[in-house]
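First up is the structure itself, then whatever we jot down about it.
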Amino acid sequence: MADQKKLVEAITPMNEDFAKWYTDIVKKAELIDYSSVRGCMILRPYGYAIWENIQRILDTRFKETGHENVAMPLFIPESLLQKEKDHVEGFAPEVAWVTYGGSEKLSERLCVRPTSETLFCEHFAHIIHSYRDLPKLYNQWCSVVRWEKTTRPFLRSVEFWWQEGHTMHETEEEARKETLQMLDIYASLCENELAMPVLKGQKTKKEQFAGAEATYTIEAMMHDGVALQAGTTHYFGQGFAKAFNIQFTGRDNKLAYPHQTSWGVSTRLIGGIIMTHGDDNGLVLPPAVAPIQVVIIPVAANKPGVMEKARELFARLKGLVRVKLDDSDNSPGWKYSEYEMKGVPLRLEIGPRDMENNQCVLVRRDNREKIVVSLDELEQKVPEALEAVRKGLYQKALDNRQNMTFDAKDWETFLSIAQKGNGFIRAMWCGDEECENKIKEETGLKSRCIPSDPALREPIADTCVCCGKPAKHLIFWGRQY
């Protein structure tokens, strides 16, 4: 057990230093390694496997809703980026530029894509001519570069992996429907597969995406009460279409500009999983995206028949779940600790006594509950236990959010709650950006969203928490990663 104790002690306790705890996990669970390029991470096989599972779930849903995958160039000419004024101003501080090709200075700088709206618009201008060409429902899986000053693995890095959807529509109604449909897909992924409760809602004008007419978001709360923007969708209207002269002949035989959307989630979701579910022993992974859902640990593997039985159970489960048999010569205690560190949702222990009783022991990663299961019921009980893990993780995260969400009807209460620590504060807002700026300057809290759920949007006061003028919206406020 010495090895197990040493491994556990290698993680800084969450309550001692949350940031250090997070960094310890991403390193020791072998999710990432640091590269020689500042702010760029190496996504190791275990970390990439989690991302692959997220990709698989989302890609299936995108295709079910009619979207197609494409691949755009890595570079954007400066003149192309400059076509949409608000967009380029929003990204200017984060842009990385290529100025040389080989030993020759380029006649025009090339931007390393921070996002691909301009590239898609240039392409759409070439291929959209008639209403019959619409809608265009495109998505790409790629990496992008944003020259962040302060970086943290998964949460904020110079280069990160994501998907970005870009669509063009005949009508505003159709485009707005697309924007909300994709938000629902993201929320479903987070809540049902990642066991991560999210708030759906609209961003304020100050917080919306550069060049967008409306931005929608899903906001998750981490262990420490800090918000994570887990995904966004944007309605662009016709702004980009006009800037890039994208026109089509409508059903009335007149020229019109299409209506555009974009939407994306990234490897930031992995950071969200860590900070929503992890504990002082390491990762705790939701079963849907865990690279290994069940690990089989033979106990007293040197005893007759134990390893053979373990292999038999592996063969039975192989087509049912993502299963691993650890038949190495490490001690069972070391293995328990290792797979706890890696967040494997379910551990299956099998030893001589279990074999005598035609049973095995299932151990849940989320709460360490031990379940004795008849081997005759294995194929039924393993999926049931995995679903119990998912539900347990979701409920624990939801309880955390509810316990760290507070109402403030006046400025003094708002300040008092903000000074005590993290969490969401629900408060009324007049709609004036001056009040939004004042709240951020004096408390460090930003508007997270105007919630979509009517029950969460119900007014709690008549006046703005900041200025006392008549209120227009209930806002969730919070600190963010």
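The chains in the structure tokens are called A, B, ... from first to last as shown; in each chain the residues are counted from 1, and the ligands are counted from 1 in the order shown.
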
Each residue of range 245-283 of chain A lying at most 10 Å from range 362-377 of chain A should get a row with its shortest atom-to-atom pair and the distance in Å to one decimal, counting only C-alpha atoms; could you produce that, ordered by chain and increasing number, as a tab-separated table?
residue	atom	partner	partner_atom	distance
A:His277	CA	A:Asp366	CA	8.2
A:Gly278	CA	A:Asp366	CA	8.9
A:Asp279	CA	A:Asp366	CA	9.0
A:Leu283	CA	A:Arg365	CA	9.2

**OP:** Quick one: everything within 7 Å of range 220-223 of chain A, counting only C-alpha atoms, minus sequence neighbours fewer than 4 positions away in the same chain. Send it as a list in words.
**Re:**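 Counting only C-alpha atoms, the residues come to Met196, Pro197, Val198, Leu199, Ala227, Leu228, Gln229, Ala230, Gly272, Met275, Thr276 and Arg401 of chain A.
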
Writing out the chosen residues with C-alpha atoms as a PDB file, in the first residue's frame:
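Output saved as part.pdb:
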ATOM      1  CA  MET A 196     -22.290  18.496 -15.935  1.00  0.00           C
ATOM      2  CA  PRO A 197     -25.316  20.711 -15.166  1.00  0.00           C
ATOM      3  CA  VAL A 198     -25.390  23.872 -17.293  1.00  0.00           C
ATOM      4  CA  LEU A 199     -27.320  27.108 -17.438  1.00  0.00           C
ATOM      5  CA  ALA A 227     -18.097  29.573 -13.901  1.00  0.00           C
ATOM      6  CA  LEU A 228     -16.896  27.877 -17.068  1.00  0.00           C
ATOM      7  CA  GLN A 229     -18.329  28.930 -20.420  1.00  0.00           C
ATOM      8  CA  ALA A 230     -18.725  25.434 -21.822  1.00  0.00           C
ATOM      9  CA  GLY A 272     -14.728  21.274 -17.094  1.00  0.00           C
ATOM     10  CA  MET A 275     -13.110  20.635 -12.170  1.00  0.00           C
ATOM     11  CA  THR A 276     -16.709  19.448 -11.899  1.00  0.00           C
ATOM     12  CA  ARG A 401     -24.432  24.599  -8.009  1.00  0.00           C
TER      13      ARG A 401
END

Subject >> Every residue of range 269-474 of chain A that DSSP places in strand (DSSP E or B), as a ChimeraX atom specification >> reply: /A:279,282,294-298,323-325,346-350,359-364,370-374,405-407,424-429,446-451,463,470,473-474

Selection from above, C-alpha atoms, as a compact mmCIF listing (two decimals), in the first residue's frame, can you write it?
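Ended up saving to result26.txt:
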# COMPACT_ATOMS: atom_id res chain seq x y z
CA ASP A 279 -11.40 14.76 -6.21
CA GLY A 282 -7.53 12.27 -9.22
CA VAL A 294 -14.47 -0.81 -16.48
CA VAL A 295 -11.10 -2.08 -15.32
CA ILE A 296 -10.77 -5.71 -14.19
CA ILE A 297 -8.34 -6.27 -11.32
CA PRO A 298 -7.47 -9.91 -10.49
CA VAL A 323 -13.03 -2.63 -20.65
CA LYS A 324 -9.41 -3.23 -19.67
CA LEU A 325 -7.90 -6.23 -17.89
CA LEU A 346 -16.03 1.16 -12.41
CA ARG A 347 -13.52 -1.31 -10.98
CA LEU A 348 -14.24 -5.04 -11.11
CA GLU A 349 -12.40 -7.17 -8.54
CA ILE A 350 -12.25 -10.95 -8.88
CA GLN A 359 -19.54 -13.42 -7.85
CA CYS A 360 -17.36 -10.37 -8.34
CA VAL A 361 -17.13 -6.97 -6.64
CA LEU A 362 -17.88 -3.73 -8.52
CA VAL A 363 -16.46 -0.53 -7.01
CA ARG A 364 -17.83 2.84 -8.13
CA LYS A 370 -18.85 -1.71 -3.35
CA ILE A 371 -21.47 -3.86 -5.06
CA VAL A 372 -21.37 -7.65 -4.91
CA VAL A 373 -22.67 -9.00 -8.21
CA SER A 374 -23.49 -12.53 -9.30
CA THR A 405 -26.24 30.12 -6.07
CA PHE A 406 -27.46 33.18 -4.19
CA ASP A 407 -30.08 35.90 -4.71
CA PHE A 424 -23.50 32.45 -8.96
CA ILE A 425 -25.43 35.53 -7.89
CA ARG A 426 -28.90 36.03 -9.34
CA ALA A 427 -29.72 39.72 -9.57
CA MET A 428 -31.83 42.11 -11.63
CA TRP A 429 -30.27 44.39 -14.25
CA LYS A 446 -19.17 39.22 -15.01
CA SER A 447 -22.62 38.59 -16.41
CA ARG A 448 -22.86 34.90 -17.28
CA CYS A 449 -26.22 34.87 -19.05
CA ILE A 450 -29.87 35.86 -19.18
CA PRO A 451 -31.32 32.38 -18.47
CA THR A 463 -35.19 47.39 -9.82
CA PRO A 470 -36.43 49.68 -13.39
CA HIS A 473 -33.56 41.16 -17.02
CA LEU A 474 -32.58 38.68 -14.35

Subject >> Closest of A:Leu255, A:Leu74, A:Leu415, A:Leu194 to Leu119 in chain A - atom-to-atom distances counting only C-alpha atoms >> reply: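 Comparing A:Leu255, A:Leu74, A:Leu415, A:Leu194 against Leu119 in chain A, the winner is A:Leu74.
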
Subject >> Among the residues A:Leu183, A:Leu285, A:Val98, A:Leu58, the one that comes closest to Glu340 in chain A [using only C-alpha atoms] >> reply: A:Leu285

Subject >> For Trp477 in chain A, the nearest of the candidates A:Leu393, A:Thr99, A:Asp252, A:Gly225, counting only C-alpha atoms >> reply: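 Once distances to Trp477 in chain A are computed over only C-alpha atoms, the minimum belongs to A:Gly225.
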
**OP:** Within 9 Å of Trp51 in chain A, counting only C-alpha atoms, which residues show up once you throw out same-chain ones fewer than 2 positions away? Write them as number ranges by chain, please.
**Re:** A: 46-49, 53-56, 161, 266-267, 269-270, 289

Please, could you write that set of residues out with N, CA and C atoms as a PDB file, in the first residue's frame?
ATOM      1  N   TYR A  46      -4.288   9.389 -23.409  1.00  0.00           N
ATOM      2  CA  TYR A  46      -5.456   9.261 -22.530  1.00  0.00           C
ATOM      3  C   TYR A  46      -6.333  10.506 -22.612  1.00  0.00           C
ATOM      4  N   GLY A  47      -5.687  11.680 -22.654  1.00  0.00           N
ATOM      5  CA  GLY A  47      -6.443  12.917 -22.809  1.00  0.00           C
ATOM      6  C   GLY A  47      -7.113  12.997 -24.163  1.00  0.00           C
ATOM      7  N   TYR A  48      -6.394  12.563 -25.206  1.00  0.00           N
ATOM      8  CA  TYR A  48      -6.975  12.615 -26.549  1.00  0.00           C
ATOM      9  C   TYR A  48      -8.133  11.629 -26.682  1.00  0.00           C
ATOM     10  N   ALA A  49      -8.050  10.500 -25.983  1.00  0.00           N
ATOM     11  CA  ALA A  49      -9.141   9.516 -26.039  1.00  0.00           C
ATOM     12  C   ALA A  49     -10.439  10.102 -25.474  1.00  0.00           C
ATOM     13  N   ASN A  53     -13.931  10.690 -27.665  1.00  0.00           N
ATOM     14  CA  ASN A  53     -15.278  10.264 -27.275  1.00  0.00           C
ATOM     15  C   ASN A  53     -16.264  11.415 -27.326  1.00  0.00           C
ATOM     16  N   ILE A  54     -15.818  12.610 -26.931  1.00  0.00           N
ATOM     17  CA  ILE A  54     -16.677  13.797 -27.059  1.00  0.00           C
ATOM     18  C   ILE A  54     -16.958  14.064 -28.536  1.00  0.00           C
ATOM     19  N   GLN A  55     -15.906  13.987 -29.364  1.00  0.00           N
ATOM     20  CA  GLN A  55     -16.063  14.183 -30.808  1.00  0.00           C
ATOM     21  C   GLN A  55     -17.085  13.215 -31.390  1.00  0.00           C
ATOM     22  N   ARG A  56     -16.950  11.944 -31.012  1.00  0.00           N
ATOM     23  CA  ARG A  56     -17.825  10.910 -31.572  1.00  0.00           C
ATOM     24  C   ARG A  56     -19.288  11.210 -31.268  1.00  0.00           C
ATOM     25  N   TRP A 161      -7.935  22.551 -29.430  1.00  0.00           N
ATOM     26  CA  TRP A 161      -8.724  21.784 -30.384  1.00  0.00           C
ATOM     27  C   TRP A 161     -10.197  22.041 -30.134  1.00  0.00           C
ATOM     28  N   SER A 266     -14.949  23.143 -27.296  1.00  0.00           N
ATOM     29  CA  SER A 266     -13.531  22.816 -27.433  1.00  0.00           C
ATOM     30  C   SER A 266     -13.073  21.846 -26.353  1.00  0.00           C
ATOM     31  N   THR A 267     -11.759  21.580 -26.365  1.00  0.00           N
ATOM     32  CA  THR A 267     -11.144  20.739 -25.343  1.00  0.00           C
ATOM     33  C   THR A 267     -11.271  21.352 -23.949  1.00  0.00           C
ATOM     34  N   LEU A 269     -13.875  21.542 -22.509  1.00  0.00           N
ATOM     35  CA  LEU A 269     -14.816  20.640 -21.835  1.00  0.00           C
ATOM     36  C   LEU A 269     -14.088  19.629 -20.952  1.00  0.00           C
ATOM     37  N   ILE A 270     -12.885  19.224 -21.360  1.00  0.00           N
ATOM     38  CA  ILE A 270     -12.131  18.279 -20.530  1.00  0.00           C
ATOM     39  C   ILE A 270     -11.746  18.943 -19.216  1.00  0.00           C
ATOM     40  N   VAL A 289     -17.650   9.229 -21.678  1.00  0.00           N
ATOM     41  CA  VAL A 289     -16.427   9.691 -22.344  1.00  0.00           C
ATOM     42  C   VAL A 289     -15.168   9.081 -21.745  1.00  0.00           C
TER      43      VAL A 289
END

**OP:** Return as a count of residues only the full set of residues in range 293-399 of chain A whose backbone-based DSSP assignment is alpha helix (DSSP H).
**Re:** 49

Subject >> Residue with smallest distance to Lys205 in chain A - pool A:Arg479, A:Lys177, A:Lys27, A:His234, counting only C-alpha atoms >> reply: A:His234

Subject >> Point-to-point distance in Å for CA of Ala301 in chain A and CA of Gly343 in chain A >> reply: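 Distance reported for this atom pair: 23.3 Å.
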
Subject >> Selection: 9 Å around range 418-420 of chain A, only C-alpha atoms, excl. self and same-chain fewer than 5 positions, as a ChimeraX atom specification >> reply: /A:413,425,443-445,478

The selected residues should be written to file as a PDB file, in the first residue's frame (atoms: C-alpha atoms).
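And here's again06.pdb as it stands now:
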ATOM      1  CA  THR A 413     -26.361  42.245  -0.464  1.00  0.00           C
ATOM      2  CA  ILE A 425     -25.431  35.526  -7.894  1.00  0.00           C
ATOM      3  CA  THR A 443     -16.563  42.820  -7.607  1.00  0.00           C
ATOM      4  CA  GLY A 444     -14.720  40.973 -10.388  1.00  0.00           C
ATOM      5  CA  LEU A 445     -17.997  39.312 -11.396  1.00  0.00           C
ATOM      6  CA  GLY A 478     -20.101  35.020 -11.484  1.00  0.00           C
TER       7      GLY A 478
END

Original post:
Which polymer residues have any atom within 9 Å of an atom of Gly237 in chain A, counting only C-alpha atoms, with same-chain residues fewer than 3 positions away left out, as a list in words?
Top reply: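 Near Gly237 in chain A, the qualifying residues are Glu172, Ala175, Arg176, Ala212, Glu213, Ala214, Phe240, Ala241, Pro258, His259, Gln260 and Thr261 of chain A.
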
Original post:
Restricting the calculation to only C-alpha atoms, which member of A:Pro135, A:Pro73, A:Gly90, A:Pro153 is positioned closest to His169 in chain A?
Top reply: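 Smallest separation from His169 in chain A among the options: A:Pro135.
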
Original post:
Which residues come within 7 Å of range 140-148 of chain A, counting only C-alpha atoms, excluding same-chain residues fewer than 4 positions away, as a list in words?
Top reply: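 The contact residues come out as Asn69, Val70, Ala71, Glu94, Val95, Ala96, Val112, Arg113, Pro114, Thr115, Ser157, Val158, Glu159, Phe160, Trp161, Trp162, Gln163, Glu164 and Gly165 of chain A.
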